[in-house]
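*Asks:* Just passing along the structure, written as structure tokens.
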Amino acid sequence: MSISKCIKCGSSDLETRRVEKIVRANVNAAVVKVDMTVCRSCNERYLGPDAIRALDNVKRRLMNDDLAGFENLGHLFVDASC
Ligand SMILES: [Zn+2]
């Protein structure tokens, strides 16, 4: 299911974009590619139920240290002064 009209501005000029989202859980983070609907009129972004499910699934796996299938790309840094 995807929306046919922007909830914010009512425009039906929507496009689906493949975007990278970062999911964090404890000390781990993973990059997940999901489809997102973007309003061309006001730039509002919508995640569909499939994308939300995929992100939840990755978060659960990160929390359980179930890292099979994930590729370790390096370290995650957080600015300690913030
Ligand atoms: Zn809009």
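FYI, nothing fancy with the structure tokens labels: chains A, B, ... in order, residues from 1 per chain, ligands from 1 as they appear.
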Enumerate, as a compact mmCIF listing (two decimals) with N, CA and C atoms, in the first residue's frame, the complete set of residues in stretch 6-47 of chain A that a backbone-based DSSP assignment places in strand (DSSP E or B).
*Replies:*
```txt
# COMPACT_ATOMS: atom_id res chain seq x y z
N LEU A 14 3.62 12.71 -6.46
CA LEU A 14 4.48 11.97 -5.54
C LEU A 14 5.46 11.12 -6.32
N GLU A 15 6.61 10.90 -5.76
CA GLU A 15 7.55 9.97 -6.38
C GLU A 15 8.12 9.04 -5.32
N THR A 16 8.50 7.86 -5.78
CA THR A 16 9.10 6.89 -4.89
C THR A 16 10.60 6.95 -5.06
N ARG A 17 11.30 7.10 -3.96
CA ARG A 17 12.76 7.15 -4.00
C ARG A 17 13.33 6.06 -3.13
N ARG A 18 14.42 5.48 -3.62
CA ARG A 18 15.16 4.51 -2.83
C ARG A 18 16.13 5.31 -1.97
N VAL A 19 16.01 5.21 -0.67
CA VAL A 19 16.87 6.00 0.21
C VAL A 19 17.59 5.09 1.20
N GLU A 20 18.68 5.59 1.72
CA GLU A 20 19.42 4.88 2.76
C GLU A 20 19.02 5.44 4.12
N LYS A 21 18.62 4.56 5.01
CA LYS A 21 18.30 4.96 6.37
C LYS A 21 19.29 4.29 7.30
N ILE A 22 19.65 4.98 8.34
CA ILE A 22 20.54 4.39 9.33
C ILE A 22 19.71 3.97 10.54
N VAL A 23 19.82 2.70 10.87
CA VAL A 23 19.11 2.16 12.02
C VAL A 23 20.14 1.94 13.12
N ARG A 24 19.88 2.47 14.29
CA ARG A 24 20.80 2.30 15.41
C ARG A 24 20.16 1.50 16.52
N ALA A 25 20.95 0.64 17.12
CA ALA A 25 20.48 -0.11 18.27
C ALA A 25 21.70 -0.39 19.13
N ASN A 28 25.47 -0.71 17.82
CA ASN A 28 25.52 -1.03 16.41
C ASN A 28 24.60 -0.14 15.59
N ALA A 29 24.96 0.00 14.33
CA ALA A 29 24.10 0.72 13.40
C ALA A 29 24.19 0.01 12.06
N ALA A 30 23.13 0.07 11.30
CA ALA A 30 23.14 -0.55 9.98
C ALA A 30 22.49 0.39 8.98
N VAL A 31 22.99 0.35 7.76
CA VAL A 31 22.40 1.12 6.68
C VAL A 31 21.39 0.23 5.97
N VAL A 32 20.19 0.71 5.84
CA VAL A 32 19.12 -0.05 5.20
C VAL A 32 18.57 0.77 4.05
N LYS A 33 18.43 0.12 2.89
CA LYS A 33 17.84 0.82 1.75
C LYS A 33 16.35 0.52 1.71
N VAL A 34 15.55 1.57 1.73
CA VAL A 34 14.10 1.41 1.69
C VAL A 34 13.50 2.38 0.67
N ASP A 35 12.30 2.02 0.21
CA ASP A 35 11.57 2.91 -0.69
C ASP A 35 10.79 3.92 0.14
N MET A 36 10.89 5.17 -0.25
CA MET A 36 10.21 6.23 0.47
C MET A 36 9.41 7.04 -0.55
N THR A 37 8.21 7.43 -0.18
CA THR A 37 7.41 8.28 -1.05
C THR A 37 7.68 9.74 -0.69
N VAL A 38 8.04 10.53 -1.70
CA VAL A 38 8.35 11.93 -1.46
C VAL A 38 7.40 12.80 -2.26
N CYS A 39 6.85 13.81 -1.61
CA CYS A 39 5.97 14.77 -2.28
C CYS A 39 6.83 15.77 -3.04
N ARG A 45 8.02 13.54 3.35
CA ARG A 45 8.43 12.17 3.07
C ARG A 45 7.57 11.18 3.85
N TYR A 46 7.27 10.09 3.20
CA TYR A 46 6.44 9.06 3.83
C TYR A 46 7.10 7.70 3.70
N LEU A 47 7.16 7.01 4.82
CA LEU A 47 7.62 5.62 4.80
C LEU A 47 6.41 4.72 4.77
```
*Asks:* Using only C-alpha atoms and all ligand atoms, what are the residues with an atom within 9 Å of ligand 1, set out as a list in words?
*Replies:*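 My answer, listing the contacting residues, is Lys5, Cys6, Ile7, Lys8, Cys9, Gly10, Ser11, Ser12, Asp13, Leu14, Val38, Cys39, Arg40, Ser41, Cys42, Asn43, Glu44 and Arg45 of chain A.
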*Asks:* Report, in Å to a single decimal, how far apart atom CA of A:Ser4 and atom CA of A:Ala51 are.
*Replies:*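 These atoms are spaced 16.6 Å apart.
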*Asks:* Got a sec to tell me which of stretch 21-78 of chain A DSSP assigns to alpha helix (DSSP H), as a list in words?
*Replies:*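 DSSP on the backbone gives alpha helix (DSSP H) at Pro49, Asp50, Ala51, Ile52, Arg53, Ala54, Leu55, Asp56, Asn57, Val58, Lys59, Arg60, Arg61, Leu62 and Met63 of chain A.
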*Asks:* Can you tell me how far atom CA of A:Asp50 sits from atom CA of A:Asn72, in Å to one decimal?
*Replies:*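 Between atom CA of A:Asp50 and atom CA of A:Asn72 the gap is 24.5 Å.
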*Asks:* Mind pulling up the distance from atom CA of A:Arg60 to atom CA of A:Gly48?
*Replies:*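 Interatomic distance here is 18.4 Å.
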*Asks:* For A:Val27, which residue among A:Pro49, A:Asn57, A:Met63, A:Ser2 is the nearest when counting only C-alpha atoms?
*Replies:*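 Smallest separation from A:Val27 among the options: A:Met63.
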